[in-house]
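Asker: File work-v1.txt follows (compact mmCIF, C-alpha atoms):
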# COMPACT_ATOMS: atom_id res chain seq x y z
CA MET A 297 129.03 112.20 104.87
CA THR A 298 129.81 111.10 108.44
CA LEU A 299 126.16 110.16 108.93
CA ILE A 300 126.23 108.00 105.80
CA VAL A 301 129.32 106.17 107.04
CA ILE A 302 127.68 105.53 110.42
CA ILE A 303 124.56 104.17 108.71
CA LYS A 304 126.64 101.75 106.64
CA LEU A 305 128.47 100.50 109.72
CA PHE A 306 125.17 100.18 111.58
CA ALA A 307 123.75 97.97 108.79
CA ALA A 308 126.83 95.75 108.82
CA ILE A 309 126.93 95.36 112.62
CA VAL A 310 123.19 94.64 112.90
CA SER A 311 123.30 92.04 110.11
CA VAL A 312 126.31 90.24 111.60
CA ALA A 313 124.80 90.30 115.10
CA LEU A 314 121.46 88.89 113.93
CA GLY A 315 123.12 86.23 111.78
CA ALA A 316 125.46 85.16 114.57
CA GLY A 317 122.57 85.09 117.05
CA ILE A 318 120.53 82.80 114.80
CA LEU A 319 123.43 80.40 114.32
CA ALA A 320 124.15 80.41 118.06
CA ARG A 321 120.51 79.57 118.73
CA ASP A 322 120.47 76.48 116.49
CA HIS A 323 122.95 76.13 113.64
CA GLY A 324 121.72 72.62 112.87
CA LEU A 325 118.57 73.86 111.14
CA LYS A 326 118.88 74.48 107.41
CA ALA A 327 116.57 77.52 107.55
CA ASN A 328 118.73 79.13 110.24
CA ARG A 329 121.90 78.60 108.20
CA LEU A 330 120.25 80.11 105.12
CA ILE A 331 118.94 83.13 107.02
CA ALA A 332 122.37 83.68 108.55
CA ALA A 333 123.98 83.44 105.09
CA PHE A 334 121.49 86.03 103.82
CA LEU A 335 122.37 88.39 106.69
CA PHE A 336 126.13 87.89 106.28
CA CYS A 337 125.86 88.68 102.56
CA ASN A 338 123.95 91.83 103.47
CA ALA A 339 126.68 92.74 105.97
CA PHE A 340 129.35 92.27 103.29
CA TRP A 341 127.38 94.55 100.97
CA ALA A 342 127.17 97.22 103.68
CA VAL A 343 130.91 96.99 104.42
CA THR A 344 131.89 97.45 100.78
CA GLU A 345 129.55 100.45 100.54
CA PHE A 346 131.20 101.84 103.68
CA PHE A 347 134.62 101.74 102.00
CA LEU A 348 133.19 103.43 98.91
CA PHE A 349 132.71 106.56 101.02
CA GLN A 350 136.36 106.60 102.03
CA PRO A 351 138.87 108.49 99.83
CA GLN A 352 139.36 106.29 96.78
CA ASP A 353 140.76 106.57 93.28
CA SER A 354 138.57 105.45 90.38
CA HIS A 355 140.35 102.10 90.04
CA SER A 356 139.78 101.21 93.71
CA ALA A 357 136.16 102.39 93.57
CA LEU A 358 135.48 100.21 90.51
CA LEU A 359 137.07 97.23 92.27
CA LEU A 360 134.78 97.79 95.28
CA PHE A 361 131.69 97.91 93.08
CA ARG A 362 132.73 94.65 91.46
CA VAL A 363 133.54 92.89 94.74
CA MET A 364 130.21 94.13 96.12
CA ALA A 365 128.49 91.61 93.84
CA LEU A 366 129.55 88.88 96.28
CA GLY A 367 127.10 90.42 98.75
CA TRP A 368 124.05 91.53 96.77
CA VAL A 369 123.71 89.06 93.89
CA PRO A 370 122.96 85.95 96.08
CA LEU A 371 120.45 87.74 98.34
CA GLY A 372 117.37 86.92 96.29
CA VAL A 373 117.88 83.17 95.98
CA LEU A 374 119.02 82.91 99.62
CA CYS A 375 115.85 84.70 100.72
CA MET A 376 113.73 82.35 98.58
CA HIS A 377 115.52 79.23 99.83
CA ALA A 378 115.33 80.28 103.49
CA SER A 379 111.65 81.19 103.19
CA LEU A 380 110.72 77.85 101.62
CA ALA A 381 112.76 75.91 104.20
CA LEU A 382 111.33 77.90 107.11
CA SER A 383 107.74 77.35 106.00
CA ALA A 384 108.22 73.68 105.01
CA MET A 385 107.39 74.55 101.37
CA GLU A 386 110.45 73.06 99.68
CA ASP A 387 108.12 71.00 97.47
CA HIS A 388 106.46 74.21 96.19
CA PRO A 389 106.70 74.63 92.39
CA ILE A 390 108.92 77.72 92.69
CA ALA A 391 111.50 75.60 94.53
CA ARG A 392 112.32 73.97 91.19
CA THR A 393 113.81 77.25 90.01
CA MET A 394 116.35 77.51 92.85
CA PRO A 395 119.04 75.39 91.14
CA ILE A 396 118.78 77.71 88.12
CA PHE A 397 119.27 80.81 90.26
CA TYR A 398 122.16 79.26 92.21
CA ALA A 399 123.82 78.21 88.94
CA GLY A 400 123.29 81.72 87.59
CA CYS A 401 124.94 83.24 90.66
CA ALA A 402 127.88 80.85 90.34
CA VAL A 403 128.44 82.07 86.77
CA VAL A 404 127.61 85.77 87.08
CA ILE A 405 129.42 86.60 90.35
CA PRO A 406 132.92 85.65 89.07
CA LEU A 407 132.22 87.60 85.87
CA ALA A 408 131.04 90.61 87.88
CA VAL A 409 134.16 90.55 90.06
CA SER A 410 136.81 89.91 87.40
CA THR A 411 135.46 91.48 84.19
CA ASP A 412 133.71 94.62 82.96
CA LEU A 413 130.57 92.76 81.86
CA VAL A 414 128.54 94.02 84.85
CA PHE A 415 130.30 97.25 85.88
CA ALA A 416 132.07 99.06 83.06
CA GLY A 417 133.46 101.89 85.17
CA VAL A 418 132.73 104.59 87.75
CA GLU A 419 132.28 108.35 87.80
CA PRO A 420 132.79 110.71 90.74
CA THR A 421 129.75 112.54 92.14
CA GLU A 422 129.22 115.02 94.94
CA ILE A 423 128.36 112.15 97.33
CA GLY A 424 130.79 109.45 96.27
CA TRP A 425 130.98 107.31 93.15
CA ARG A 426 128.39 106.44 90.51
CA PRO A 427 128.68 103.06 88.80
CA ILE A 428 128.53 102.80 85.02
CA PHE A 429 126.51 99.71 84.25
CA ALA A 430 127.45 97.26 81.50
CA PRO A 431 124.86 95.05 79.72
CA GLY A 432 125.57 92.17 82.12
CA PHE A 433 124.21 94.20 85.03
CA ALA A 434 120.64 93.47 83.93
CA LEU A 435 121.30 89.73 84.29
CA ALA A 436 122.96 90.16 87.70
CA TYR A 437 120.11 92.33 88.96
CA GLY A 438 117.56 89.85 87.62
CA LEU A 439 119.24 87.02 89.54
CA MET A 440 118.82 89.02 92.73
CA ALA A 441 115.37 90.53 92.20
CA THR A 442 113.43 87.73 90.46
CA PRO A 443 113.50 85.10 93.26
CA LEU A 444 112.74 87.84 95.79
CA VAL A 445 109.66 88.92 93.81
CA MET A 446 108.59 85.27 93.46
CA ILE A 447 108.73 84.59 97.19
CA LEU A 448 106.99 87.90 97.98
CA ALA A 449 104.19 86.83 95.63
CA CYS A 450 103.81 83.63 97.69
CA TRP A 451 103.85 85.55 100.97
CA ARG A 452 101.17 87.91 99.66
CA ARG A 453 98.59 85.16 100.16
CA THR A 454 99.42 85.04 103.87
CA MET A 455 97.89 88.49 104.30
CA THR A 456 94.43 87.06 103.54
CA LEU A 457 94.65 83.99 105.80
CA ARG A 458 93.29 83.70 109.33
CA GLU A 459 96.70 83.42 110.95
CA PRO A 460 97.33 83.85 114.70
CA ARG A 461 98.07 87.50 115.43
CA GLY A 462 101.78 86.97 116.00
CA GLN A 463 102.29 85.07 112.74
CA LEU A 464 100.26 87.60 110.77
CA GLN A 465 102.22 90.50 112.26
CA LEU A 466 105.50 88.78 111.43
CA ALA A 467 104.34 88.11 107.86
CA ARG A 468 103.45 91.77 107.45
CA VAL A 469 106.81 92.96 108.76
CA VAL A 470 108.72 90.66 106.42
CA PHE A 471 106.50 91.26 103.38
CA PHE A 472 106.33 95.04 103.55
CA GLY A 473 109.90 95.41 104.79
CA LEU A 474 111.46 93.41 101.98
CA SER A 475 109.10 94.96 99.42
CA ALA A 476 110.20 98.44 100.51
CA SER A 477 113.86 97.37 100.45
CA LEU A 478 113.49 96.09 96.89
CA VAL A 479 111.65 99.16 95.59
CA VAL A 480 113.76 101.80 97.35
CA GLY A 481 116.97 99.91 96.62
CA THR A 482 116.12 99.69 92.93
CA ILE A 483 115.50 103.43 92.78
CA THR A 484 118.62 104.48 94.68
CA ALA A 485 121.09 101.89 93.43
CA VAL A 486 119.89 101.34 89.86
CA VAL A 487 117.50 103.98 88.51
CA LEU A 488 119.22 107.14 89.78
CA PRO A 489 122.76 106.06 88.75
CA THR A 490 121.42 105.03 85.33
CA LEU A 491 119.98 108.52 84.91
CA GLY A 492 123.34 110.03 85.84
CA PHE A 493 122.54 111.06 89.40
CA GLY A 494 124.62 110.33 92.45
CA ALA A 495 122.71 108.34 95.05
CA VAL A 496 123.33 106.68 98.40
CA GLY A 497 122.48 102.98 98.39
CA VAL A 498 120.21 102.25 101.33
CA THR A 499 119.22 98.63 100.71
CA PRO A 500 121.61 96.98 103.24
CA THR A 501 120.42 99.42 105.90
CA LEU A 502 116.75 98.71 105.15
CA VAL A 503 117.37 94.96 105.29
CA GLY A 504 119.10 95.40 108.66
CA LEU A 505 116.11 97.38 109.94
CA VAL A 506 113.75 94.65 108.72
CA GLY A 507 115.83 92.13 110.67
CA LEU A 508 115.53 94.24 113.82
CA ALA A 509 111.77 94.58 113.31
CA VAL A 510 111.42 90.82 112.84
CA ASN A 511 113.42 90.16 116.01
CA ARG A 512 111.29 92.65 117.97
CA THR A 513 108.06 91.08 116.67
CA LEU A 514 109.22 87.60 117.65
CA ARG A 515 110.15 88.75 121.16
CA ARG A 516 106.82 90.51 121.54
CA TYR A 517 104.92 87.30 120.82
CA GLY A 518 107.07 85.07 122.98
CA HIS A 519 109.86 83.89 120.68
CA THR A 520 113.53 84.76 120.90
CA LEU A 521 114.76 84.13 117.37
CA ILE A 522 113.45 83.38 113.94
CA SER A 523 112.97 79.65 113.59
CA PRO A 524 109.74 78.07 114.91
CA ASP A 525 111.41 74.69 114.32
CA ALA A 526 113.93 75.58 117.01
CA CYS A 527 111.09 76.24 119.44
CA ALA A 528 109.48 72.89 118.58
CA ARG A 529 112.80 71.12 119.12
CA GLU A 530 113.18 72.71 122.56
CA ILE A 531 109.74 71.39 123.52
CA LEU A 532 110.58 67.88 122.31
CA ASP A 533 113.88 67.91 124.17
CA THR A 534 112.10 68.55 127.47
CA LEU A 535 110.17 65.27 127.18
CA GLU A 536 111.47 62.25 129.07
CA ASP A 537 110.14 59.83 126.43
CA GLY A 538 111.94 59.26 123.16
CA VAL A 539 110.26 60.94 120.19
CA VAL A 540 110.96 60.31 116.51
CA LEU A 541 109.60 62.52 113.70
CA ILE A 542 109.04 60.48 110.54
CA ALA A 543 108.25 61.92 107.11
CA ALA A 544 105.44 60.58 104.94
CA ASP A 545 107.92 58.55 102.89
CA GLY A 546 109.31 56.83 106.00
CA ARG A 547 112.49 58.88 106.39
CA ILE A 548 113.45 59.93 109.92
CA ARG A 549 113.36 63.73 110.04
CA ASP A 550 114.40 64.34 113.64
CA VAL A 551 114.70 62.78 117.09
CA ASN A 552 114.78 64.28 120.57
CA ARG A 553 117.53 63.96 123.19
CA ALA A 554 115.69 61.31 125.17
CA PHE A 555 115.60 59.05 122.13
CA VAL A 556 119.33 59.54 121.52
Starting from the coordinates I provided, produce the structure as structure tokens.

Answerer:
Amino acid sequence: MTLIVIIKLFAAIVSVALGAGILARDHGLKANRLIAAFLFCNAFWAVTEFFLFQPQDSHSALLLFRVMALGWVPLGVLCMHASLALSAMEDHPIARTMPIFYAGCAVVIPLAVSTDLVFAGVEPTEIGWRPIFAPGFALAYGLMATPLVMILACWRRTMTLREPRGQLQLARVVFFGLSASLVVGTITAVVLPTLGFGAVGVTPTLVGLVGLAVNRTLRRYGHTLISPDACAREILDTLEDGVVLIAADGRIRDVNRAFV
């Protein structure tokens, strides 16, 4: 049990550290803010799971499961939004579904926290508490998993492209890491409890490990943090001449320090 508690704390600390590091690097970029939000939600999920392994009565355990929805339900749409923003694909057809997923989260999360429509109760097991799912859980899980599957389907094409080695390696780490997190998390947090087994949720830990692997890959190929836009901005800011980036429709997208 002590090892499980340490793993939960590790996931929370890693997620917070990576999110804070990205914001410290360049909080002005939308993609960085979205990635940090994703990591902070993952950290919140890990923290609530940590408290589930402390001595709790059934009422407190049920409350923790409900509050946990604040962390895991938005992960899918945040991952989709960050991925599209990071790869300059916000005009991609799947981007049109993001308002639907955000609206769904805004409706489902309050219901998950304050009602029994998502979690109907809990049962004690030999390794903690097992949630009893209500019919609304399927909708909450769908809001998390569907956008994640959609963006993974888009990333799958990257595996067949002639990308530079660093970009291809990064794509593989993200694709296979998040795929494993989704599959293993579904088994441990959904399938086993539904079948009546006690299980230890490992998704926040896996996501934290993916973040560490991404950071290591970026450092290996000469980057310090996630956003390539931040690297491009650093290059522009070293120029003595003023530079303005203009979109195809004439809008000013960015300027460097010399221009300012």

Asker: With all atoms listed in the file as the atoms that count, which of A:Ile302, A:Val556, A:Val496, A:Val506 lies nearest to Trp425 in chain A?

Answerer: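 Of A:Ile302, A:Val556, A:Val496, A:Val506, the one nearest Trp425 in chain A is A:Val496, counting all atoms listed in the file.
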
Asker: Just give me the residues with any atom within 12 Å of (128.5, 96.7, 102.2), file coordinates, counting only C-alpha atoms, written as a VMD selection string.

Answerer: chain A and resid 301 303 to 309 311 to 312 335 to 349 360 to 368 496 to 501 503 to 504

Asker: Measuring between all atoms listed in the file, which one of A:Arg512, A:Thr411, A:Ala332, A:Ser477 shows the shortest distance to Ala320 in chain A?

Answerer: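 Using all atoms listed in the file, Ala320 in chain A sits closest to A:Ala332.
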
Asker: Pick out the residues sitting within 7 Å of range 412-423 of chain A, and hand them over as a PyMOL selection string; count only C-alpha atoms, and ignore anything fewer than 6 positions along from it in its own chain.

Answerer: chain A and resi 354+358+362+429-433+494

Asker: Keeping C-alpha atoms for every residue in the selection just given, could you write it to a file as an mmCIF file, in the frame of the given file?

Answerer:
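Result file out37.cif:
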data_model
loop_
_atom_site.group_PDB
_atom_site.id
_atom_site.type_symbol
_atom_site.label_atom_id
_atom_site.label_comp_id
_atom_site.auth_asym_id
_atom_site.auth_seq_id
_atom_site.Cartn_x
_atom_site.Cartn_y
_atom_site.Cartn_z
ATOM 1 C CA SER A 354 138.570 105.450 90.380
ATOM 2 C CA LEU A 358 135.480 100.210 90.510
ATOM 3 C CA ARG A 362 132.730 94.650 91.460
ATOM 4 C CA PHE A 429 126.510 99.710 84.250
ATOM 5 C CA ALA A 430 127.450 97.260 81.500
ATOM 6 C CA PRO A 431 124.860 95.050 79.720
ATOM 7 C CA GLY A 432 125.570 92.170 82.120
ATOM 8 C CA PHE A 433 124.210 94.200 85.030
ATOM 9 C CA GLY A 494 124.620 110.330 92.450
#

Asker: What are the closest atom pairs, with distances in Å to one decimal, for all residues of range 397-429 of chain A lying within 12 Å of range 440-450 of chain A? Consider only C-alpha atoms, order rows by chain and residue number, and present the result as CSV.

Answerer:
residue,atom,partner,partner_atom,distance
A:Phe397,CA,A:Pro443,CA,7.8
A:Tyr398,CA,A:Met440,CA,10.3
A:Gly400,CA,A:Met440,CA,10.0
A:Cys401,CA,A:Met440,CA,8.7
A:Val404,CA,A:Met440,CA,10.9
A:Ile405,CA,A:Met440,CA,11.1

Asker: If I take CA of Leu382 in chain A and CA of Ala327 in chain A, how far is one from the other in Å, to one decimal?

Answerer: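 If I compute the distance from CA of Leu382 in chain A to CA of Ala327 in chain A, I get 5.3 Å.
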
Asker: Quick check, in Å to one decimal: how far apart do CA of Leu505 in chain A and CA of Ile300 in chain A lie?

Answerer: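 Between these atoms lies a distance of 15.2 Å.
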
Asker: CA of Val510 in chain A to CA of Leu474 in chain A: how many Å, to one decimal?

Answerer: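 About the pair CA of Val510 in chain A and CA of Leu474 in chain A: they are 11.2 Å apart.
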
Asker: Could you put an axis-aligned box around every listed atom of range 394-405 of chain A, padded by 5 Å on each side, and send me its centre and edge lengths in Å to one decimal, as lines of an AutoDock Vina configuration file?

Answerer:
center_x = 122.9
center_y = 81.0
center_z = 89.8
size_x = 23.1
size_y = 21.2
size_z = 16.1

Asker: Which of these residues is nearest to Gly481 in chain A, using all atoms listed in the file: A:Tyr437, A:Phe334, A:Trp451, A:Phe493?

Answerer: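 Ranking A:Tyr437, A:Phe334, A:Trp451, A:Phe493 by distance to Gly481 in chain A, first place goes to A:Tyr437.
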
Asker: Between A:Leu439, A:Leu359, A:Pro406, A:Ala467, which is the closest to Val373 in chain A once you count all atoms listed in the file?

Answerer: A:Leu439

Asker: Quick one: of A:Gln352, A:Ser410, A:Ala436, A:Ile390, who's nearest to Val369 in chain A, counting only C-alpha atoms?

Answerer: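 Comparing A:Gln352, A:Ser410, A:Ala436, A:Ile390 against Val369 in chain A, the winner is A:Ala436.
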
Asker: Quick one: of A:Ala544, A:Pro389, A:Val487, A:Asn328, who's nearest to Leu314 in chain A, counting only C-alpha atoms?

Answerer: A:Asn328

Asker: Reconstruct range 402-413 of chain A at the level of all heavy atoms, and format the result as a PDB file, in the coordinates of the input.

Answerer:
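The resulting file, result_14.pdb, is reproduced below:
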ATOM      1  N   ALA A 402     126.531  81.428  90.433  1.00  0.00           N
ATOM      2  CA  ALA A 402     127.880  80.850  90.340  1.00  0.00           C
ATOM      3  C   ALA A 402     128.598  81.302  89.073  1.00  0.00           C
ATOM      4  O   ALA A 402     129.837  81.379  89.038  1.00  0.00           O
ATOM      5  CB  ALA A 402     127.790  79.328  90.375  1.00  0.00           C
ATOM      6  N   VAL A 403     127.841  81.607  88.027  1.00  0.00           N
ATOM      7  CA  VAL A 403     128.440  82.070  86.770  1.00  0.00           C
ATOM      8  C   VAL A 403     128.636  83.582  86.772  1.00  0.00           C
ATOM      9  O   VAL A 403     129.701  84.095  86.405  1.00  0.00           O
ATOM     10  CB  VAL A 403     127.566  81.650  85.567  1.00  0.00           C
ATOM     11  CG1 VAL A 403     128.087  82.286  84.276  1.00  0.00           C
ATOM     12  CG2 VAL A 403     127.546  80.135  85.426  1.00  0.00           C
ATOM     13  N   VAL A 404     127.605  84.311  87.208  1.00  0.00           N
ATOM     14  CA  VAL A 404     127.610  85.770  87.080  1.00  0.00           C
ATOM     15  C   VAL A 404     128.549  86.433  88.087  1.00  0.00           C
ATOM     16  O   VAL A 404     129.240  87.404  87.741  1.00  0.00           O
ATOM     17  CB  VAL A 404     126.178  86.311  87.241  1.00  0.00           C
ATOM     18  CG1 VAL A 404     126.182  87.831  87.384  1.00  0.00           C
ATOM     19  CG2 VAL A 404     125.341  85.902  86.038  1.00  0.00           C
ATOM     20  N   ILE A 405     128.598  85.940  89.330  1.00  0.00           N
ATOM     21  CA  ILE A 405     129.420  86.600  90.350  1.00  0.00           C
ATOM     22  C   ILE A 405     130.900  86.651  89.947  1.00  0.00           C
ATOM     23  O   ILE A 405     131.522  87.721  90.026  1.00  0.00           O
ATOM     24  CB  ILE A 405     129.233  85.936  91.719  1.00  0.00           C
ATOM     25  CG1 ILE A 405     127.829  86.228  92.249  1.00  0.00           C
ATOM     26  CG2 ILE A 405     130.271  86.437  92.720  1.00  0.00           C
ATOM     27  CD1 ILE A 405     127.499  85.548  93.563  1.00  0.00           C
ATOM     28  N   PRO A 406     131.523  85.544  89.515  1.00  0.00           N
ATOM     29  CA  PRO A 406     132.920  85.650  89.070  1.00  0.00           C
ATOM     30  C   PRO A 406     133.107  86.621  87.910  1.00  0.00           C
ATOM     31  O   PRO A 406     134.121  87.342  87.851  1.00  0.00           O
ATOM     32  CB  PRO A 406     133.278  84.213  88.656  1.00  0.00           C
ATOM     33  CG  PRO A 406     132.332  83.353  89.428  1.00  0.00           C
ATOM     34  CD  PRO A 406     131.061  84.141  89.492  1.00  0.00           C
ATOM     35  N   LEU A 407     132.133  86.657  86.991  1.00  0.00           N
ATOM     36  CA  LEU A 407     132.220  87.600  85.870  1.00  0.00           C
ATOM     37  C   LEU A 407     132.102  89.035  86.355  1.00  0.00           C
ATOM     38  O   LEU A 407     132.799  89.932  85.868  1.00  0.00           O
ATOM     39  CB  LEU A 407     131.126  87.292  84.850  1.00  0.00           C
ATOM     40  CG  LEU A 407     131.253  85.965  84.099  1.00  0.00           C
ATOM     41  CD1 LEU A 407     130.052  85.760  83.176  1.00  0.00           C
ATOM     42  CD2 LEU A 407     132.543  85.913  83.287  1.00  0.00           C
ATOM     43  N   ALA A 408     131.223  89.262  87.343  1.00  0.00           N
ATOM     44  CA  ALA A 408     131.040  90.610  87.880  1.00  0.00           C
ATOM     45  C   ALA A 408     132.300  91.095  88.599  1.00  0.00           C
ATOM     46  O   ALA A 408     132.653  92.277  88.531  1.00  0.00           O
ATOM     47  CB  ALA A 408     129.851  90.640  88.824  1.00  0.00           C
ATOM     48  N   VAL A 409     132.978  90.176  89.283  1.00  0.00           N
ATOM     49  CA  VAL A 409     134.160  90.550  90.060  1.00  0.00           C
ATOM     50  C   VAL A 409     135.390  90.761  89.177  1.00  0.00           C
ATOM     51  O   VAL A 409     136.185  91.674  89.406  1.00  0.00           O
ATOM     52  CB  VAL A 409     134.455  89.479  91.138  1.00  0.00           C
ATOM     53  CG1 VAL A 409     135.781  89.748  91.834  1.00  0.00           C
ATOM     54  CG2 VAL A 409     133.316  89.420  92.152  1.00  0.00           C
ATOM     55  N   SER A 410     135.542  89.936  88.151  1.00  0.00           N
ATOM     56  CA  SER A 410     136.810  89.910  87.400  1.00  0.00           C
ATOM     57  C   SER A 410     136.749  90.528  86.010  1.00  0.00           C
ATOM     58  O   SER A 410     137.785  90.653  85.360  1.00  0.00           O
ATOM     59  CB  SER A 410     137.297  88.465  87.281  1.00  0.00           C
ATOM     60  OG  SER A 410     136.328  87.665  86.598  1.00  0.00           O
ATOM     61  N   THR A 411     135.569  90.915  85.532  1.00  0.00           N
ATOM     62  CA  THR A 411     135.460  91.480  84.190  1.00  0.00           C
ATOM     63  C   THR A 411     134.640  92.771  84.231  1.00  0.00           C
ATOM     64  O   THR A 411     134.122  93.167  85.277  1.00  0.00           O
ATOM     65  CB  THR A 411     134.788  90.490  83.210  1.00  0.00           C
ATOM     66  OG1 THR A 411     133.383  90.393  83.518  1.00  0.00           O
ATOM     67  CG2 THR A 411     135.422  89.103  83.324  1.00  0.00           C
ATOM     68  N   ASP A 412     134.508  93.401  83.067  1.00  0.00           N
ATOM     69  CA  ASP A 412     133.710  94.620  82.960  1.00  0.00           C
ATOM     70  C   ASP A 412     132.333  94.344  82.353  1.00  0.00           C
ATOM     71  O   ASP A 412     131.691  95.249  81.824  1.00  0.00           O
ATOM     72  CB  ASP A 412     134.440  95.675  82.130  1.00  0.00           C
ATOM     73  CG  ASP A 412     134.749  95.198  80.716  1.00  0.00           C
ATOM     74  OD1 ASP A 412     134.438  94.028  80.393  1.00  0.00           O
ATOM     75  OD2 ASP A 412     135.293  95.992  79.922  1.00  0.00           O
ATOM     76  N   LEU A 413     131.858  93.109  82.445  1.00  0.00           N
ATOM     77  CA  LEU A 413     130.570  92.760  81.860  1.00  0.00           C
ATOM     78  C   LEU A 413     129.389  93.250  82.684  1.00  0.00           C
ATOM     79  O   LEU A 413     128.276  93.349  82.180  1.00  0.00           O
ATOM     80  CB  LEU A 413     130.467  91.230  81.691  1.00  0.00           C
ATOM     81  CG  LEU A 413     131.438  90.598  80.695  1.00  0.00           C
ATOM     82  CD1 LEU A 413     131.268  89.075  80.670  1.00  0.00           C
ATOM     83  CD2 LEU A 413     131.202  91.172  79.296  1.00  0.00           C
TER      84      LEU A 413
END
